[in-house]
>>> print(open('protein.txt').read())   # compact mmCIF, C-alpha atoms and all ligand atoms
# COMPACT_ATOMS: atom_id res chain seq x y z
CA MET A 1 4.51 5.72 -27.08
CA THR A 2 2.95 4.87 -23.72
CA ILE A 3 5.04 2.82 -21.31
CA LYS A 4 3.32 0.34 -19.01
CA LEU A 5 4.57 0.58 -15.41
CA ASP A 6 5.01 -3.14 -14.84
CA GLY A 7 4.62 -3.57 -11.09
CA LYS A 8 4.58 -7.33 -11.46
CA SER A 9 8.07 -7.56 -12.92
CA VAL A 10 9.52 -4.81 -10.68
CA SER A 11 8.14 -6.60 -7.62
CA GLU A 12 9.64 -9.91 -8.81
CA ASN A 13 13.07 -8.21 -8.95
CA ILE A 14 12.58 -6.94 -5.42
CA PHE A 15 11.55 -10.43 -4.23
CA THR A 16 14.70 -11.93 -5.78
CA LYS A 17 16.93 -9.40 -4.00
CA LEU A 18 15.12 -9.85 -0.68
CA LYS A 19 15.32 -13.64 -0.95
CA SER A 20 19.12 -13.57 -1.40
CA HIS A 21 19.42 -11.16 1.50
CA ILE A 22 17.20 -13.22 3.82
CA ALA A 23 19.03 -16.45 2.92
CA LEU A 24 22.14 -14.99 4.58
CA LEU A 25 20.45 -14.15 7.87
CA ALA A 26 21.08 -16.23 10.98
CA SER A 27 17.33 -16.44 11.65
CA LYS A 28 14.26 -15.66 9.57
CA PRO A 29 11.99 -12.60 9.81
CA THR A 30 8.48 -13.49 10.98
CA LEU A 31 5.25 -11.73 10.04
CA ALA A 32 1.96 -12.27 11.89
CA VAL A 33 -0.97 -11.83 9.52
CA ILE A 34 -4.34 -11.49 11.22
CA ILE A 35 -7.58 -11.78 9.32
CA VAL A 36 -10.99 -11.45 10.95
CA GLY A 37 -14.03 -12.96 9.25
CA THR A 38 -14.49 -14.22 5.71
CA ASN A 39 -14.44 -11.15 3.44
CA ALA A 40 -13.64 -12.65 0.03
CA ALA A 41 -11.34 -9.84 -1.17
CA SER A 42 -9.45 -9.86 2.15
CA GLN A 43 -8.89 -13.62 1.86
CA VAL A 44 -7.29 -13.11 -1.57
CA TYR A 45 -5.07 -10.24 -0.32
CA VAL A 46 -3.92 -12.31 2.68
CA LYS A 47 -3.23 -15.33 0.47
CA ASN A 48 -1.05 -13.20 -1.81
CA LYS A 49 0.88 -11.75 1.12
CA ILE A 50 1.51 -15.20 2.60
CA LYS A 51 2.60 -16.49 -0.82
CA ALA A 52 5.13 -13.65 -1.09
CA CYS A 53 6.48 -14.48 2.38
CA GLU A 54 6.96 -18.13 1.36
CA LYS A 55 8.67 -17.10 -1.87
CA ILE A 56 11.39 -15.05 -0.17
CA GLY A 57 11.89 -16.88 3.12
CA ILE A 58 9.84 -14.82 5.56
CA ILE A 59 7.95 -16.97 8.07
CA SER A 60 4.25 -16.06 8.10
CA ASN A 61 2.12 -16.75 11.11
CA HIS A 62 -1.43 -16.76 9.74
CA ILE A 63 -4.08 -16.07 12.38
CA HIS A 64 -7.68 -16.43 11.22
CA LEU A 65 -10.28 -15.20 13.70
CA ASP A 66 -14.03 -15.59 13.59
CA ALA A 67 -16.00 -12.45 12.60
CA SER A 68 -17.60 -12.51 16.07
CA VAL A 69 -14.29 -12.02 17.91
CA SER A 70 -14.56 -9.18 20.44
CA GLN A 71 -12.48 -6.04 20.23
CA ASN A 72 -10.97 -6.86 23.63
CA ASP A 73 -9.91 -10.33 22.55
CA LEU A 74 -8.31 -8.89 19.42
CA LEU A 75 -6.51 -6.22 21.48
CA GLN A 76 -5.22 -8.93 23.82
CA MET A 77 -3.97 -10.96 20.88
CA ILE A 78 -2.07 -7.91 19.56
CA GLU A 79 -0.59 -7.30 23.01
CA SER A 80 0.72 -10.85 23.11
CA LEU A 81 2.18 -10.51 19.58
CA ASN A 82 3.79 -7.19 20.61
CA ALA A 83 5.47 -8.98 23.52
CA ASP A 84 6.50 -12.04 21.47
CA HIS A 85 10.16 -11.67 20.47
CA THR A 86 9.80 -14.22 17.69
CA ILE A 87 7.34 -11.94 15.82
CA ASN A 88 8.87 -9.03 13.90
CA GLY A 89 5.86 -7.61 12.08
CA ILE A 90 2.12 -7.53 12.71
CA LEU A 91 -0.40 -6.98 9.93
CA ILE A 92 -4.14 -6.74 10.44
CA GLN A 93 -6.05 -7.14 7.20
CA LEU A 94 -8.65 -4.40 6.83
CA PRO A 95 -11.59 -3.93 6.84
CA LEU A 96 -12.55 -5.24 10.27
CA PRO A 97 -16.13 -6.09 11.28
CA SER A 98 -18.11 -2.98 12.27
CA HIS A 99 -18.14 -3.80 16.04
CA ILE A 100 -14.33 -3.38 16.11
CA SER A 101 -12.67 0.04 15.98
CA GLU A 102 -9.99 -0.10 13.28
CA LYS A 103 -8.36 3.00 14.79
CA LYS A 104 -7.99 1.34 18.21
CA ILE A 105 -6.64 -1.87 16.72
CA ILE A 106 -4.09 -0.12 14.49
CA GLN A 107 -2.83 2.02 17.37
CA ALA A 108 -2.44 -1.08 19.56
CA ILE A 109 0.30 -2.48 17.30
CA HIS A 110 3.77 -1.59 18.56
CA PRO A 111 5.22 1.02 16.15
CA LYS A 112 8.34 -1.13 15.68
CA LYS A 113 6.17 -4.00 14.43
CA ASP A 114 3.83 -1.77 12.39
CA VAL A 115 4.93 -3.02 8.95
CA ASP A 116 1.85 -1.45 7.34
CA GLY A 117 2.98 1.98 8.57
CA PHE A 118 -0.50 2.92 9.80
CA HIS A 119 0.34 3.73 13.45
CA TYR A 120 0.15 7.44 14.21
CA SER A 121 3.79 7.53 15.27
CA ASN A 122 4.83 6.18 11.86
CA ILE A 123 2.45 8.52 10.02
CA GLY A 124 3.75 11.40 12.16
CA ALA A 125 7.38 10.51 11.41
CA LEU A 126 6.56 10.51 7.70
CA SER A 127 4.82 13.89 7.98
CA ILE A 128 7.97 15.54 9.36
CA GLY A 129 10.20 13.91 6.78
CA LEU A 130 11.76 11.35 9.14
CA PRO A 131 10.03 8.20 7.96
CA LYS A 132 10.35 4.89 9.79
CA PHE A 133 7.74 2.51 8.39
CA ILE A 134 6.10 3.98 5.29
CA SER A 135 2.64 2.66 4.35
CA CYS A 136 3.08 -0.09 1.79
CA THR A 137 1.01 1.27 -1.12
CA PRO A 138 2.59 4.76 -1.10
CA LEU A 139 6.06 3.20 -0.73
CA GLY A 140 5.33 0.78 -3.58
CA ILE A 141 4.22 3.65 -5.84
CA LEU A 142 7.38 5.63 -5.05
CA THR A 143 9.57 2.59 -5.79
CA LEU A 144 7.76 2.00 -9.08
CA LEU A 145 8.14 5.63 -10.22
CA GLN A 146 11.82 5.60 -9.25
CA HIS A 147 12.41 2.29 -11.04
CA TYR A 148 11.26 3.90 -14.29
CA SER A 149 13.34 7.05 -13.53
CA ILE A 150 10.20 9.19 -13.49
CA GLU A 151 11.07 12.62 -12.10
CA ILE A 152 9.05 13.53 -9.00
CA SER A 153 10.85 16.67 -7.87
CA GLN A 154 9.25 19.86 -9.24
CA LYS A 155 6.32 17.90 -10.70
CA HIS A 156 2.68 18.55 -9.94
CA VAL A 157 1.18 15.39 -8.46
CA VAL A 158 -2.60 15.22 -8.16
CA ILE A 159 -3.91 12.46 -5.90
CA VAL A 160 -7.61 11.63 -5.91
CA GLY A 161 -8.55 9.96 -2.61
CA ARG A 162 -7.49 11.00 0.89
CA SER A 163 -7.71 7.82 2.95
CA ASN A 164 -5.37 7.40 5.92
CA ILE A 165 -3.81 4.31 4.36
CA VAL A 166 -3.21 5.51 0.79
CA GLY A 167 -3.96 9.11 -0.24
CA LYS A 168 -2.74 11.04 2.82
CA PRO A 169 0.57 9.17 3.40
CA LEU A 170 1.21 9.24 -0.35
CA ALA A 171 0.76 13.03 -0.36
CA MET A 172 3.28 13.37 2.47
CA LEU A 173 5.76 10.96 0.89
CA LEU A 174 5.75 12.69 -2.49
CA THR A 175 5.91 16.13 -0.82
CA ASN A 176 9.05 14.87 0.95
CA HIS A 177 10.38 14.06 -2.55
CA ASP A 178 9.83 17.68 -3.62
CA ALA A 179 6.65 17.22 -5.64
CA THR A 180 3.94 19.86 -5.45
CA VAL A 181 0.97 17.80 -4.33
CA THR A 182 -2.76 18.46 -4.67
CA LEU A 183 -4.91 16.07 -2.62
CA CYS A 184 -8.47 15.76 -3.93
CA HIS A 185 -11.49 13.98 -2.49
CA SER A 186 -15.24 13.68 -2.80
CA LYS A 187 -15.84 17.28 -1.71
CA THR A 188 -13.40 18.72 -4.27
CA PRO A 189 -15.42 20.91 -6.65
CA SER A 190 -14.77 20.55 -10.41
CA LEU A 191 -12.32 17.69 -9.98
CA GLU A 192 -11.38 17.79 -13.64
CA ASN A 193 -9.86 21.28 -13.19
CA PHE A 194 -7.30 19.69 -10.88
CA THR A 195 -6.70 16.36 -12.58
CA THR A 196 -6.00 17.97 -15.96
CA GLN A 197 -3.17 19.96 -14.32
CA ALA A 198 -1.38 16.82 -13.15
CA ASP A 199 2.05 15.78 -14.39
CA ILE A 200 1.50 12.67 -12.28
CA LEU A 201 -2.12 11.68 -11.64
CA ILE A 202 -2.79 9.05 -8.97
CA SER A 203 -6.27 7.67 -8.43
CA CYS A 204 -7.14 5.93 -5.16
CA VAL A 205 -10.92 6.15 -5.17
CA GLY A 206 -12.24 2.63 -5.67
CA LYS A 207 -14.67 3.27 -8.54
CA PRO A 208 -14.35 1.66 -11.98
CA ASN A 209 -13.95 4.04 -14.96
CA PHE A 210 -13.69 7.00 -12.60
CA ILE A 211 -10.75 8.63 -14.40
CA THR A 212 -11.76 9.23 -17.99
CA LEU A 213 -9.86 10.63 -20.96
CA SER A 214 -11.05 14.22 -20.48
CA MET A 215 -9.60 14.28 -16.94
CA VAL A 216 -6.02 13.60 -18.02
CA LYS A 217 -3.36 15.90 -19.48
CA GLU A 218 -1.57 14.59 -22.55
CA GLY A 219 1.73 12.95 -21.56
CA ALA A 220 0.79 12.61 -17.87
CA VAL A 221 2.01 9.70 -15.76
CA VAL A 222 -1.10 7.84 -14.57
CA VAL A 223 -1.02 5.60 -11.51
CA ASP A 224 -4.12 3.54 -10.76
CA VAL A 225 -4.40 2.32 -7.17
CA GLY A 226 -8.05 1.25 -7.39
CA ILE A 227 -9.01 -2.41 -7.23
CA ASN A 228 -12.60 -2.98 -8.29
CA ARG A 229 -14.31 -6.25 -9.09
CA LEU A 230 -16.99 -5.98 -11.78
CA ASP A 231 -20.17 -8.08 -11.71
CA ASN A 232 -18.65 -10.44 -14.30
CA GLY A 233 -15.71 -11.08 -11.94
CA THR A 234 -13.15 -8.99 -13.87
CA LEU A 235 -10.69 -6.96 -11.82
CA VAL A 236 -10.30 -3.33 -12.93
CA GLY A 237 -8.83 -0.13 -11.54
CA ASP A 238 -10.26 3.40 -11.37
CA VAL A 239 -8.89 4.47 -14.73
CA SER A 240 -10.51 3.89 -18.13
CA TYR A 241 -7.36 2.11 -19.26
CA GLU A 242 -8.20 1.62 -22.94
CA THR A 243 -8.61 5.33 -23.68
CA VAL A 244 -6.34 6.94 -21.07
CA SER A 245 -3.42 4.69 -21.97
CA LYS A 246 -3.38 6.28 -25.46
CA LEU A 247 -2.77 9.74 -23.95
CA ALA A 248 -0.52 8.97 -20.97
CA SER A 249 3.28 8.75 -21.09
CA PHE A 250 3.36 6.04 -18.42
CA ILE A 251 0.46 4.09 -16.91
CA THR A 252 -0.03 1.27 -14.40
CA PRO A 253 -2.25 -1.65 -15.38
CA VAL A 254 -4.73 -3.29 -13.01
CA PRO A 255 -3.94 -6.01 -12.14
CA GLY A 256 -0.15 -6.03 -12.29
CA GLY A 257 0.63 -2.42 -11.35
CA VAL A 258 0.39 -1.01 -7.83
CA GLY A 259 -0.93 -4.22 -6.21
CA PRO A 260 2.27 -6.30 -6.47
CA MET A 261 4.33 -3.24 -5.47
CA THR A 262 2.29 -2.96 -2.26
CA ILE A 263 3.20 -6.54 -1.39
CA ALA A 264 6.87 -5.97 -2.24
CA SER A 265 6.90 -2.99 0.15
CA LEU A 266 5.33 -5.12 2.87
CA MET A 267 8.15 -7.63 2.48
CA GLU A 268 10.73 -4.81 2.62
CA ASN A 269 9.11 -3.39 5.75
CA THR A 270 9.08 -6.82 7.41
CA LEU A 271 12.79 -7.27 6.77
CA LYS A 272 13.36 -3.75 8.12
CA ALA A 273 11.39 -4.60 11.28
CA TYR A 274 13.49 -7.73 11.74
CA LYS A 275 16.70 -5.71 11.44
CA ILE A 276 15.52 -3.10 13.94
CA GLN A 277 14.58 -5.80 16.45
CA THR A 278 17.54 -8.13 15.95
CA PRO A 279 20.71 -7.06 17.72
CA CYS A 280 24.13 -7.47 16.07
CA MET A 281 22.81 -7.32 12.51
P1 LIG B 1 -11.35 4.74 0.80
O1 LIG B 1 -12.75 4.35 0.48
O2 LIG B 1 -10.91 4.78 2.20
O3 LIG B 1 -11.07 6.19 0.17
C1 LIG B 1 -11.58 6.54 -1.08
C2 LIG B 1 -11.28 7.99 -1.32
O4 LIG B 1 -11.84 8.35 -2.56
C3 LIG B 1 -11.87 8.94 -0.26
O5 LIG B 1 -10.92 9.89 0.14
C4 LIG B 1 -13.03 9.60 -0.99
O6 LIG B 1 -13.27 10.94 -0.60
C5 LIG B 1 -12.53 9.58 -2.42
N1 LIG B 1 -13.64 9.68 -3.35
C6 LIG B 1 -14.75 8.90 -3.39
N2 LIG B 1 -15.59 9.34 -4.37
C7 LIG B 1 -14.99 10.41 -4.93
C8 LIG B 1 -15.36 11.32 -5.94
N3 LIG B 1 -16.55 11.20 -6.61
N4 LIG B 1 -14.52 12.32 -6.26
C9 LIG B 1 -13.34 12.45 -5.62
N5 LIG B 1 -12.93 11.63 -4.63
C10 LIG B 1 -13.76 10.63 -4.29
O7 LIG B 1 -10.45 3.79 -0.08
P2 LIG B 1 -8.91 3.32 0.06
O8 LIG B 1 -8.01 4.49 0.03
O9 LIG B 1 -8.78 2.34 1.14
O10 LIG B 1 -8.78 2.52 -1.31
C11 LIG B 1 -9.03 3.14 -2.56
C12 LIG B 1 -8.96 2.10 -3.65
O11 LIG B 1 -7.64 1.59 -3.70
C13 LIG B 1 -9.86 0.87 -3.46
O12 LIG B 1 -10.27 0.41 -4.72
C14 LIG B 1 -8.94 -0.15 -2.81
O13 LIG B 1 -9.35 -1.47 -3.08
C15 LIG B 1 -7.67 0.17 -3.54
N6 LIG B 1 -6.46 -0.21 -2.83
C16 LIG B 1 -5.50 -0.79 -3.57
C17 LIG B 1 -4.32 -1.14 -3.01
C18 LIG B 1 -3.28 -1.75 -3.86
O14 LIG B 1 -2.34 -2.33 -3.34
N7 LIG B 1 -3.38 -1.64 -5.19
C19 LIG B 1 -4.05 -0.94 -1.58
C20 LIG B 1 -5.10 -0.23 -0.88
C21 LIG B 1 -6.26 0.11 -1.51
P3 LIG B 1 -13.80 11.34 0.88
O15 LIG B 1 -12.61 11.20 1.79
O16 LIG B 1 -14.26 12.73 0.73
O17 LIG B 1 -14.89 10.36 1.21
>>> encode(input="protein.txt", output="structure tokens")
Amino acid sequence: MTIKLDGKSVSENIFTKLKSHIALLASKPTLAVIIVGTNAASQVYVKNKIKACEKIGIISNHIHLDASVSQNDLLQMIESLNADHTINGILIQLPLPSHISEKKIIQAIHPKKDVDGFHYSNIGALSIGLPKFISCTPLGILTLLQHYSIEISQKHVVIVGRSNIVGKPLAMLLTNHDATVTLCHSKTPSLENFTTQADILISCVGKPNFITLSMVKEGAVVVDVGINRLDNGTLVGDVSYETVSKLASFITPVPGGVGPMTIASLMENTLKAYKIQTPCM
């Protein structure tokens, strides 16, 4: 029998715990959420993050900038948020318009306010096994696997997708948890030879129906990070869910799998940032 990894309900449990915890604090954690331009998917992601903040008692400071904002103006805004003691976390919704360097913007956020865990000092800390802020999607996946008592140690994890925000930090995180990790990407020859070896297969590619039945070992745990909108408006992941779910032992749905876990991790990281920055906690 295949078990659905229900990120929606696991994230709701996390929200409930965080809400009780935050209710006891003398002041409230505050998250600045910056969005540049009008990318439709980004607007939805930001709305969901702000909704989660409201649900658990985190104050969200929503900053919407015009797509024409200059890189310098955005850098100055981040500097002022870094210096503002009432702001605990800073999140910049990606992607940014092409005239702005995402790398420069991410590195401008103070590492103690980097609740997305993208700053090189946070990525570096993770790589040596001393994590501070762990990127939200990898952290959410780890929490989900642990919630269902899925063994990671000694397992072969195959990750397809090596982005700086998902695939690479996920590979480091699961290596730190004693998995043997294979990180695949678009230049990996004969991808199927790797994916069929996976005890835990994680797809973060961003292409619908990318992981098909023949790419999965019977009984594998399948985690689908992809979020793809079809022409008819339907939201799907990377995995051919109908067929693969018959073969897998555990599988995440899209929507309702990794997405809500990513938001839950963001809330956890924001509370963590608050605690680091608030004396006498
Ligand atoms: P990127 O586009 O940055 O990375 C995609 C990765 O997939 C790259 O490493 C690329 O390889 C690899 N890839 C592309 N084509 C192939 C192929 N034919 N064979 C093997 N590998 C391939 O995407 P992100 O990591 O930012 O996001 C991936 C997906 O996850 C998207 O759908 C995104 O929307 C979703 N996402 C979901 C989140 C959630 O909370 N559920 C959070 C973040 C992202 P190469 O490096 O060689 O180009």
>>> closest_residue(input="protein.txt", among="A:Ala83, A:Ser127, A:Pro97, A:Ile78", to="Ile109 in chain A", atoms="all atoms listed in the file")
A:Ile78
>>> residues_near_ligand(input="protein.txt", ligand="ligand LIG 1 (chain B)", cutoff="6 Å", atoms="only C-alpha atoms and all ligand atoms", output="number ranges by chain")
A: 137, 160-163, 166, 185-187, 204-206, 225-228, 258-259, 262
>>> write_last_selection(input="protein.txt", atoms="C-alpha atoms", output="PDB file, keeping the file's coordinate frame")
ATOM      1  CA  THR A 137       1.010   1.270  -1.120  1.00  0.00           C
ATOM      2  CA  VAL A 160      -7.610  11.630  -5.910  1.00  0.00           C
ATOM      3  CA  GLY A 161      -8.550   9.960  -2.610  1.00  0.00           C
ATOM      4  CA  ARG A 162      -7.490  11.000   0.890  1.00  0.00           C
ATOM      5  CA  SER A 163      -7.710   7.820   2.950  1.00  0.00           C
ATOM      6  CA  VAL A 166      -3.210   5.510   0.790  1.00  0.00           C
ATOM      7  CA  HIS A 185     -11.490  13.980  -2.490  1.00  0.00           C
ATOM      8  CA  SER A 186     -15.240  13.680  -2.800  1.00  0.00           C
ATOM      9  CA  LYS A 187     -15.840  17.280  -1.710  1.00  0.00           C
ATOM     10  CA  CYS A 204      -7.140   5.930  -5.160  1.00  0.00           C
ATOM     11  CA  VAL A 205     -10.920   6.150  -5.170  1.00  0.00           C
ATOM     12  CA  GLY A 206     -12.240   2.630  -5.670  1.00  0.00           C
ATOM     13  CA  VAL A 225      -4.400   2.320  -7.170  1.00  0.00           C
ATOM     14  CA  GLY A 226      -8.050   1.250  -7.390  1.00  0.00           C
ATOM     15  CA  ILE A 227      -9.010  -2.410  -7.230  1.00  0.00           C
ATOM     16  CA  ASN A 228     -12.600  -2.980  -8.290  1.00  0.00           C
ATOM     17  CA  VAL A 258       0.390  -1.010  -7.830  1.00  0.00           C
ATOM     18  CA  GLY A 259      -0.930  -4.220  -6.210  1.00  0.00           C
ATOM     19  CA  THR A 262       2.290  -2.960  -2.260  1.00  0.00           C
TER      20      THR A 262
END
>>> atom_distance(input="protein.txt", atom1="CA of Ser203 in chain A", atom2="CA of Val158 in chain A")
8.4 Å
>>> closest_residue(input="protein.txt", among="A:Ile202, A:Ala108, A:Met215, A:Cys136", to="Pro169 in chain A", atoms="only C-alpha atoms")
A:Cys136
>>> atom_distance(input="protein.txt", atom1="CA of Ile58 in chain A", atom2="CA of Lys19 in chain A")
8.6 Å
>>> residues_around(input="protein.txt", residues="Thr212 in chain A", least_positions_apart="2", cutoff="12 Å", atoms="only C-alpha atoms", output="PyMOL selection string")
chain A and resi 191-192+195-196+201+203+207-210+214-217+222+224+237-248
>>> residues_near_point(input="protein.txt", point="(-3.9, -9.6, 10.6)", cutoff="6 Å", atoms="only C-alpha atoms", output="MDAnalysis selection string")
chainID A and resid 33:35 91:93
>>> write_last_selection(input="protein.txt", atoms="C-alpha atoms", output="short mmCIF file (atom, residue, chain, number, x, y, z; two decimals), keeping the file's coordinate frame")
data_model
loop_
_atom_site.label_atom_id
_atom_site.label_comp_id
_atom_site.auth_asym_id
_atom_site.auth_seq_id
_atom_site.Cartn_x
_atom_site.Cartn_y
_atom_site.Cartn_z
CA VAL A 33 -0.97 -11.83 9.52
CA ILE A 34 -4.34 -11.49 11.22
CA ILE A 35 -7.58 -11.78 9.32
CA LEU A 91 -0.40 -6.98 9.93
CA ILE A 92 -4.14 -6.74 10.44
CA GLN A 93 -6.05 -7.14 7.20
#
>>> residues_around(input="protein.txt", residues="Ile22 in chain A", least_positions_apart="6", cutoff="8 Å", atoms="all atoms listed in the file", output="list in words")
Lys28, Pro29, Ile56, Gly57, Ile58 and Leu271 of chain A
>>> atom_distance(input="protein.txt", atom1="CA of Ser249 in chain A", atom2="CA of Thr2 in chain A")
4.7 Å
>>> closest_residue(input="protein.txt", among="A:Ser20, A:Thr270, A:Gln197, A:Thr278", to="Thr182 in chain A", atoms="all atoms listed in the file")
A:Gln197
>>> closest_residue(input="protein.txt", among="A:Ile150, A:Val115, A:Val236, A:Val223", to="Asn88 in chain A", atoms="only C-alpha atoms")
A:Val115
>>> closest_residue(input="protein.txt", among="A:Ala32, A:Met77, A:Leu170, A:Ala198", to="His62 in chain A", atoms="all atoms listed in the file")
A:Ala32
